[in-house]
Amino acid sequence: MSPMKEYAWIKELASECKEYSDSLGAYFAKSVSKVSFAPIPQREMKRSWAVLSRDLVHFSFDQETSFPPDLEATLKALETIGVDKFNQDLLNEASLAPIFSASFEKIFETLENHPQILGMMDQADIIEDILGVVARKYLPIFRLFPVFTSEALEIVPHLREPLFTALYELPESEHRRLTLLTEKIMRKFYSEQVRPKLYENLKNNIKGRNLLLPLIDEAVNHLPPDRCMTSLISILCTPKEELTQGRIISIVLQELGGMYVKLAQVLAELAPPSLAKELKHQQDKLGGIFGSQEKSWNYVLEILNRPAWERIKSYMHIPAHTQNAFAGASVGAIYEFQLTDHGKKKLGITNSILLKVQRPGGAG
């Protein structure tokens, strides 16, 4: 018989998180309002309004059923109109904030009173059935808000950059509050969820248990509050099927950078295959100097704006928009730049150039 799971840590965190519901609500509203959906064609909008008009007539003259004649079409119409309103900035930060705040408060209250509900996360078929029952009754309402639509679910992995951007747009006091909160969440999540499974995988691997596990423990314990926040964002925006133990650890080590990334690649030889693959290739999977493309690019621009780079900068075209790294490296990342006519003449080449940018505090 397997031992009973301990959920006290969830109850403790949920209780504290309730105090942050408004801050989290404002933060997520700011983030989601930055998401752009594809424009809705006019013909789809006309069709959607026609469907709802038909439903209005149906409900006015046919009282025998509580559902419209074509529920799928109705849901699609509500979803289309919701996305259109979102694109028109009618569902903006101000209107979304109270919805998110109330939702977070209810979620944390539920977890505080019933922490064992987290144990259902492994029971996908049961959760799907529960959600199906709820959706049949409430989904038409949820579809009015694009954050609940299938389109929104599909862009979750791409929500990472808006989340990062919104984080740095928060007032300093709110930014500090949320980073300190996520520090506690990350520490608890690692100690209660990640580490026990990691230890189980390494318990029969003496070198992995005695060398790799202490390295990971040290990395997590030394992760600063702001890096805890950016790590958590990357974890939340990783598709569930890709969120392995190795990926979580890779994200943490990527945020620390430098020595930790290099050591992780060396010690990957001591780890089980699934973990070793993530640790060996983490810089290629995550890319950039940090977990965030925008944060990484801003750091590159900061370096290029230093006096020592003034002459070299005149050789290159500096893109106006955020650029992803060309490739990753253990102590930084490599960025590609197109040359100006002046640069081509001075350097005697017509191709682009690659610059390796070190992470802050990196050596070599």
# chains A, B, ... in the order shown; residues from 1 in each chain; ligands from 1
$ residues_around --residues "range 194-199 of chain A" --least-positions-apart "5" --cutoff "8 Å" --atoms "only C-alpha atoms" --output "ChimeraX atom specification"
/A:189,209,213,245
$ write_last_selection --atoms "N, CA and C atoms" --output "PDB file, in the first residue's frame"
ATOM      1  N   PHE A 189       7.715  23.891  -4.508  1.00  0.00           N
ATOM      2  CA  PHE A 189       7.452  23.013  -5.642  1.00  0.00           C
ATOM      3  C   PHE A 189       8.622  22.062  -5.866  1.00  0.00           C
ATOM      4  N   ARG A 209      23.482  10.465  -7.900  1.00  0.00           N
ATOM      5  CA  ARG A 209      22.899  10.853  -6.618  1.00  0.00           C
ATOM      6  C   ARG A 209      23.861  11.717  -5.811  1.00  0.00           C
ATOM      7  N   LEU A 213      22.653  15.441  -8.030  1.00  0.00           N
ATOM      8  CA  LEU A 213      21.589  15.922  -7.143  1.00  0.00           C
ATOM      9  C   LEU A 213      22.041  17.091  -6.263  1.00  0.00           C
ATOM     10  N   GLN A 245      10.894  16.347 -15.733  1.00  0.00           N
ATOM     11  CA  GLN A 245      11.788  16.772 -14.656  1.00  0.00           C
ATOM     12  C   GLN A 245      13.014  17.457 -15.228  1.00  0.00           C
TER      13      GLN A 245
END
$ closest_residue --among "A:Ser48, A:Phe28, A:Val83, A:Gln116" --to "Ser101 in chain A" --atoms "only C-alpha atoms"
A:Phe28
$ residues_around --residues "Thr182 in chain A" --least-positions-apart "2" --cutoff "8 Å" --atoms "only C-alpha atoms" --output "PyMOL selection string"
chain A and resi 178-180+184-186+225+228-229+232
$ atom_distance --atom1 "CA of Leu304 in chain A" --atom2 "CA of Gln323 in chain A"
13.9 Å
$ closest_residue --among "A:Ala271, A:Ala94, A:Ile353, A:Ala38" --to "Lys207 in chain A" --atoms "only C-alpha atoms"
A:Ala271
$ residues_around --residues "Glu294 in chain A" --least-positions-apart "6" --cutoff "8 Å" --atoms "only C-alpha atoms" --output "list in words"
Glu161, Phe164, Thr165, Thr322 and Gln323 of chain A
$ write_last_selection --atoms "N, CA and C atoms" --output "PDB file, in the first residue's frame"
ATOM      1  N   GLU A 161       6.410  35.482 -23.500  1.00  0.00           N
ATOM      2  CA  GLU A 161       6.946  36.828 -23.682  1.00  0.00           C
ATOM      3  C   GLU A 161       6.022  37.917 -23.126  1.00  0.00           C
ATOM      4  N   PHE A 164       6.543  37.951 -19.413  1.00  0.00           N
ATOM      5  CA  PHE A 164       7.808  38.593 -19.044  1.00  0.00           C
ATOM      6  C   PHE A 164       7.697  40.113 -19.170  1.00  0.00           C
ATOM      7  N   THR A 165       7.134  40.560 -20.292  1.00  0.00           N
ATOM      8  CA  THR A 165       7.010  41.995 -20.530  1.00  0.00           C
ATOM      9  C   THR A 165       6.160  42.653 -19.454  1.00  0.00           C
ATOM     10  N   THR A 322      12.509  42.663 -31.084  1.00  0.00           N
ATOM     11  CA  THR A 322      13.184  41.619 -30.311  1.00  0.00           C
ATOM     12  C   THR A 322      13.650  40.491 -31.224  1.00  0.00           C
ATOM     13  N   GLN A 323      14.906  40.089 -31.049  1.00  0.00           N
ATOM     14  CA  GLN A 323      15.492  39.007 -31.837  1.00  0.00           C
ATOM     15  C   GLN A 323      15.770  37.797 -30.956  1.00  0.00           C
TER      16      GLN A 323
END
$ atom_distance --atom1 "CA of Pro171 in chain A" --atom2 "CA of Ala97 in chain A"
15.5 Å
$ residues_around --residues "Glu19 in chain A" --least-positions-apart "3" --cutoff "12 Å" --atoms "only C-alpha atoms" --output "list in words"
Leu13, Ala14, Ser15, Glu16, Asp22, Ser23, Leu24, Gly25, Ser101, Ala102, Phe104, Glu105, Lys106, Phe108, Glu109, Arg177, Leu178 and Leu181 of chain A
$ write_last_selection --atoms "N, CA and C atoms" --output "PDB file, in the first residue's frame"
ATOM      1  N   LEU A  13       0.618  27.275   1.167  1.00  0.00           N
ATOM      2  CA  LEU A  13       0.865  28.197   0.059  1.00  0.00           C
ATOM      3  C   LEU A  13      -0.428  28.847  -0.428  1.00  0.00           C
ATOM      4  N   ALA A  14      -1.494  28.052  -0.531  1.00  0.00           N
ATOM      5  CA  ALA A  14      -2.767  28.581  -1.020  1.00  0.00           C
ATOM      6  C   ALA A  14      -3.290  29.672  -0.092  1.00  0.00           C
ATOM      7  N   SER A  15      -3.117  29.447   1.211  1.00  0.00           N
ATOM      8  CA  SER A  15      -3.562  30.434   2.195  1.00  0.00           C
ATOM      9  C   SER A  15      -2.833  31.759   2.001  1.00  0.00           C
ATOM     10  N   GLU A  16      -1.527  31.677   1.759  1.00  0.00           N
ATOM     11  CA  GLU A  16      -0.742  32.898   1.568  1.00  0.00           C
ATOM     12  C   GLU A  16      -1.037  33.544   0.212  1.00  0.00           C
ATOM     13  N   ASP A  22      -5.321  39.909  -5.994  1.00  0.00           N
ATOM     14  CA  ASP A  22      -5.477  41.141  -6.775  1.00  0.00           C
ATOM     15  C   ASP A  22      -4.225  41.442  -7.595  1.00  0.00           C
ATOM     16  N   SER A  23      -3.057  41.246  -6.979  1.00  0.00           N
ATOM     17  CA  SER A  23      -1.798  41.497  -7.694  1.00  0.00           C
ATOM     18  C   SER A  23      -1.638  40.545  -8.878  1.00  0.00           C
ATOM     19  N   LEU A  24      -1.942  39.262  -8.638  1.00  0.00           N
ATOM     20  CA  LEU A  24      -1.843  38.277  -9.708  1.00  0.00           C
ATOM     21  C   LEU A  24      -2.877  38.549 -10.794  1.00  0.00           C
ATOM     22  N   GLY A  25      -4.072  38.955 -10.371  1.00  0.00           N
ATOM     23  CA  GLY A  25      -5.113  39.266 -11.340  1.00  0.00           C
ATOM     24  C   GLY A  25      -4.708  40.407 -12.253  1.00  0.00           C
ATOM     25  N   SER A 101      -8.713  38.328 -10.844  1.00  0.00           N
ATOM     26  CA  SER A 101      -8.566  38.447  -9.386  1.00  0.00           C
ATOM     27  C   SER A 101      -9.553  37.541  -8.666  1.00  0.00           C
ATOM     28  N   ALA A 102     -10.819  37.591  -9.099  1.00  0.00           N
ATOM     29  CA  ALA A 102     -11.849  36.758  -8.479  1.00  0.00           C
ATOM     30  C   ALA A 102     -11.572  35.280  -8.716  1.00  0.00           C
ATOM     31  N   PHE A 104      -8.588  33.796  -9.244  1.00  0.00           N
ATOM     32  CA  PHE A 104      -7.465  33.365  -8.414  1.00  0.00           C
ATOM     33  C   PHE A 104      -7.884  33.179  -6.966  1.00  0.00           C
ATOM     34  N   GLU A 105      -8.673  34.120  -6.459  1.00  0.00           N
ATOM     35  CA  GLU A 105      -9.108  34.021  -5.066  1.00  0.00           C
ATOM     36  C   GLU A 105      -9.916  32.744  -4.839  1.00  0.00           C
ATOM     37  N   LYS A 106     -10.806  32.418  -5.780  1.00  0.00           N
ATOM     38  CA  LYS A 106     -11.619  31.205  -5.656  1.00  0.00           C
ATOM     39  C   LYS A 106     -10.753  29.953  -5.752  1.00  0.00           C
ATOM     40  N   PHE A 108      -7.491  29.645  -4.977  1.00  0.00           N
ATOM     41  CA  PHE A 108      -6.678  29.514  -3.768  1.00  0.00           C
ATOM     42  C   PHE A 108      -7.539  29.100  -2.566  1.00  0.00           C
ATOM     43  N   GLU A 109      -8.757  29.617  -2.520  1.00  0.00           N
ATOM     44  CA  GLU A 109      -9.652  29.250  -1.419  1.00  0.00           C
ATOM     45  C   GLU A 109     -10.008  27.763  -1.485  1.00  0.00           C
ATOM     46  N   ARG A 177       6.689  42.168  -4.668  1.00  0.00           N
ATOM     47  CA  ARG A 177       5.764  41.277  -3.962  1.00  0.00           C
ATOM     48  C   ARG A 177       5.624  39.938  -4.691  1.00  0.00           C
ATOM     49  N   LEU A 178       5.427  40.011  -6.008  1.00  0.00           N
ATOM     50  CA  LEU A 178       5.190  38.787  -6.770  1.00  0.00           C
ATOM     51  C   LEU A 178       6.454  37.931  -6.896  1.00  0.00           C
ATOM     52  N   LEU A 181       6.850  36.083  -3.693  1.00  0.00           N
ATOM     53  CA  LEU A 181       5.865  35.003  -3.618  1.00  0.00           C
ATOM     54  C   LEU A 181       6.309  33.810  -4.455  1.00  0.00           C
TER      55      LEU A 181
END
$ residues_around --residues "range 68-73 of chain A" --least-positions-apart "3" --cutoff "7 Å" --atoms "only C-alpha atoms" --output "list in words"
Asp55, His58, Lys76 and Ala77 of chain A
$ atom_distance --atom1 "CA of Gln88 in chain A" --atom2 "CA of Arg43 in chain A"
17.0 Å
$ residues_around --residues "Met45 in chain A" --least-positions-apart "2" --cutoff "9 Å" --atoms "only C-alpha atoms" --output "number ranges by chain"
A: 40-43, 47-50, 77, 80-81, 84
$ select_by_dssp --residues "range 159-304 of chain A" --states "alpha helix (DSSP H)" --output "PyMOL selection string"
chain A and resi 160-169+172-189+195-202+206-207+213-221+225-236+245-256+259-267+273-280+282-286+293-304
$ closest_residue --among "A:Asn201, A:Ser231, A:Thr350, A:Ser60" --to "Pro273 in chain A" --atoms "only C-alpha atoms"
A:Asn201
$ decode --residues "range 199-237 of chain A" --atoms "C-alpha atoms" --output "PDB file, in the first residue's frame"
ATOM      1  CA  TYR A 199      15.884  11.264  -6.055  1.00  0.00           C
ATOM      2  CA  GLU A 200      13.841   8.182  -6.959  1.00  0.00           C
ATOM      3  CA  ASN A 201      15.310   8.248 -10.481  1.00  0.00           C
ATOM      4  CA  LEU A 202      18.864   8.662  -9.182  1.00  0.00           C
ATOM      5  CA  LYS A 203      18.794   6.448  -6.080  1.00  0.00           C
ATOM      6  CA  ASN A 204      20.415   3.516  -7.895  1.00  0.00           C
ATOM      7  CA  ASN A 205      22.922   5.767  -9.653  1.00  0.00           C
ATOM      8  CA  ILE A 206      25.604   6.522  -7.049  1.00  0.00           C
ATOM      9  CA  LYS A 207      27.480   9.149  -9.065  1.00  0.00           C
ATOM     10  CA  GLY A 208      24.275  10.840 -10.166  1.00  0.00           C
ATOM     11  CA  ARG A 209      22.899  10.853  -6.618  1.00  0.00           C
ATOM     12  CA  ASN A 210      26.124  12.094  -5.019  1.00  0.00           C
ATOM     13  CA  LEU A 211      27.193  14.609  -7.692  1.00  0.00           C
ATOM     14  CA  LEU A 212      24.256  15.651  -9.855  1.00  0.00           C
ATOM     15  CA  LEU A 213      21.589  15.922  -7.143  1.00  0.00           C
ATOM     16  CA  PRO A 214      23.691  18.200  -4.861  1.00  0.00           C
ATOM     17  CA  LEU A 215      24.430  20.430  -7.866  1.00  0.00           C
ATOM     18  CA  ILE A 216      20.730  20.801  -8.624  1.00  0.00           C
ATOM     19  CA  ASP A 217      19.925  21.393  -4.932  1.00  0.00           C
ATOM     20  CA  GLU A 218      22.566  24.112  -4.829  1.00  0.00           C
ATOM     21  CA  ALA A 219      21.245  25.712  -8.007  1.00  0.00           C
ATOM     22  CA  VAL A 220      17.664  25.876  -6.746  1.00  0.00           C
ATOM     23  CA  ASN A 221      18.729  27.180  -3.333  1.00  0.00           C
ATOM     24  CA  HIS A 222      20.755  29.982  -4.950  1.00  0.00           C
ATOM     25  CA  LEU A 223      18.121  31.050  -7.467  1.00  0.00           C
ATOM     26  CA  PRO A 224      17.349  34.745  -6.704  1.00  0.00           C
ATOM     27  CA  PRO A 225      13.676  35.812  -6.330  1.00  0.00           C
ATOM     28  CA  ASP A 226      13.493  37.498  -9.749  1.00  0.00           C
ATOM     29  CA  ARG A 227      14.967  34.411 -11.424  1.00  0.00           C
ATOM     30  CA  CYS A 228      12.407  32.269  -9.556  1.00  0.00           C
ATOM     31  CA  MET A 229       9.694  34.354 -11.225  1.00  0.00           C
ATOM     32  CA  THR A 230      11.134  34.043 -14.718  1.00  0.00           C
ATOM     33  CA  SER A 231      11.717  30.313 -14.174  1.00  0.00           C
ATOM     34  CA  LEU A 232       8.119  29.839 -13.067  1.00  0.00           C
ATOM     35  CA  ILE A 233       6.850  31.710 -16.131  1.00  0.00           C
ATOM     36  CA  SER A 234       8.880  29.413 -18.404  1.00  0.00           C
ATOM     37  CA  ILE A 235       7.574  26.347 -16.565  1.00  0.00           C
ATOM     38  CA  LEU A 236       3.936  27.507 -16.770  1.00  0.00           C
ATOM     39  CA  CYS A 237       4.272  28.192 -20.494  1.00  0.00           C
TER      40      CYS A 237
END
